[in-house]
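Worksheet for the structure shown next.
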Amino acid sequence: MLSFLPGPVHRTALRSAHALRLWFWRLTKRKVRGCNVIAANYAGEVLLVRHSYHARDTWMLPGGGLGRDESPIATAQRELREETACLLRDPVHLGTVTLDRNGWTNLIELVCGRAEGTPAPDGREIEEARFFPPDALPESTSGPVRAMIARWAGQNGSSA
């Protein structure tokens with residue numbers, strides 16, 4: 001949307017807009033629908049990202065907001081491609097995760113599939129994107145992300 005702006009200006013705008021958005025969601029006790037993607041490579045490693053605008057030192061799953069008439073799988077495929085340049089193959093919707101976010105509610109549609117391609121962060125919204133073994137996630141991986149990966153690993157028969 002703001003791709004015409006230079007990267008540093010775009011990131012600053014994202015930080016400001018996100019802070020305003022969080023404030024508004026808390027004020028209105030909003031329920032926000034989004035999507036997170038567990039994209040694993042052939043080695044079984046999970047793709048994580050670091051955002052440029054929010055919790056910048058925390059590793060998270062790729063994802064974003066659902067479009068008004070967009071399915072969780074379509075959202076997962078779009079967000080993974082936009083944020084990391086990877087494609088999502090054989091996607092499966094695992095269900096909804098509900099997180100209380102201090103005044104607003106995040107309803108996350110969890111989608112998993114196989115990542116195809118080499119992660120290339122967009123340099124605007126995403127600063128870094130890398131694969132990690134599910135049983136050796138970075139220390140700074142968020143708690144909800146760890147729980148989602150554990151749920152996925154349990155459904156896939158993994159020991160992670």
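Ordered as shown in the structure tokens, chains take letters A, B, and onward, while each chain numbers its residues from 1 and ligands are numbered from 1 in the order shown.
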### Query
Got a sec: who's within 7 Å of stretch 49-53 of chain A, counting only C-alpha atoms, leaving out chain neighbours fewer than 5 positions off, as a ChimeraX atom specification?
/A:11,14-15,58-62,124-130
Could you take the residues named above and write them with C-alpha atoms, as a PDB file, in the first residue's frame?
ATOM      1  CA  ARG A  11       8.696   1.596   8.431  1.00  0.00           C
ATOM      2  CA  LEU A  14       3.933   1.472   9.947  1.00  0.00           C
ATOM      3  CA  ARG A  15       5.103   1.970  13.548  1.00  0.00           C
ATOM      4  CA  THR A  58      10.519 -10.991  18.884  1.00  0.00           C
ATOM      5  CA  TRP A  59      10.299 -13.873  16.416  1.00  0.00           C
ATOM      6  CA  MET A  60       6.754 -14.493  15.190  1.00  0.00           C
ATOM      7  CA  LEU A  61       4.894 -16.436  12.551  1.00  0.00           C
ATOM      8  CA  PRO A  62       4.200 -14.752   9.231  1.00  0.00           C
ATOM      9  CA  ARG A 124       9.544  -2.860   4.919  1.00  0.00           C
ATOM     10  CA  GLU A 125       7.144  -4.796   7.143  1.00  0.00           C
ATOM     11  CA  ILE A 126       9.539  -7.691   7.753  1.00  0.00           C
ATOM     12  CA  GLU A 127      13.188  -7.185   8.776  1.00  0.00           C
ATOM     13  CA  GLU A 128      14.251 -10.824   8.955  1.00  0.00           C
ATOM     14  CA  ALA A 129      12.855 -14.227   7.951  1.00  0.00           C
ATOM     15  CA  ARG A 130      14.538 -17.548   8.770  1.00  0.00           C
TER      16      ARG A 130
END
### Task
Just list the residues in stretch 35-155 of chain A DSSP gives alpha helix (DSSP H) on the backbone, as number ranges by chain.
A: 72-84, 143-155
### Given only C-alpha atoms as the counted atoms, nearest of A:Gly103, A:Gly44, A:Gly65, A:Pro134 to A:Met148
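Among A:Gly103, A:Gly44, A:Gly65, A:Pro134, it is A:Pro134 that comes nearest to A:Met148.
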### Task
Could you jot down the atom CA of A:Ser71 to atom CA of A:Pro144 separation for me, Å, one decimal place?
22.0 Å
### Query
Counting only C-alpha atoms, which of A:Thr141, A:Gln155, A:Thr118, A:Thr28 gets nearest to A:Leu87?
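Of A:Thr141, A:Gln155, A:Thr118, A:Thr28, the one nearest A:Leu87, counting only C-alpha atoms, is A:Thr118.
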### Distance of atom CA of A:Arg151 from atom CA of A:Arg33, expressed in Å to one decimal place
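Between these atoms lies a distance of 19.4 Å.
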### Message
From the options A:Pro8, A:Glu109, A:Thr98, A:Glu116, which residue's atoms come nearest to A:Ala74, counting only C-alpha atoms?
### Response
A:Glu109
### Query
Could you work out how far atom CA of A:Ser140 lies from atom CA of A:Asp57, giving the answer in Å with one decimal?
6.9 Å
### Query
In chain A, what's strand (DSSP E or B) per DSSP? Answer as an MDAnalysis selection string?
chainID A and resid 31:40 46:51 59:60 63:65 87:100 105:116 126:132 141
#### Entry: Long-range neighbours of A:Cys86 as a ChimeraX atom specification, 8 Å cut-off, only C-alpha atoms, 5 positions minimum in chain
/A:80-81,115-120
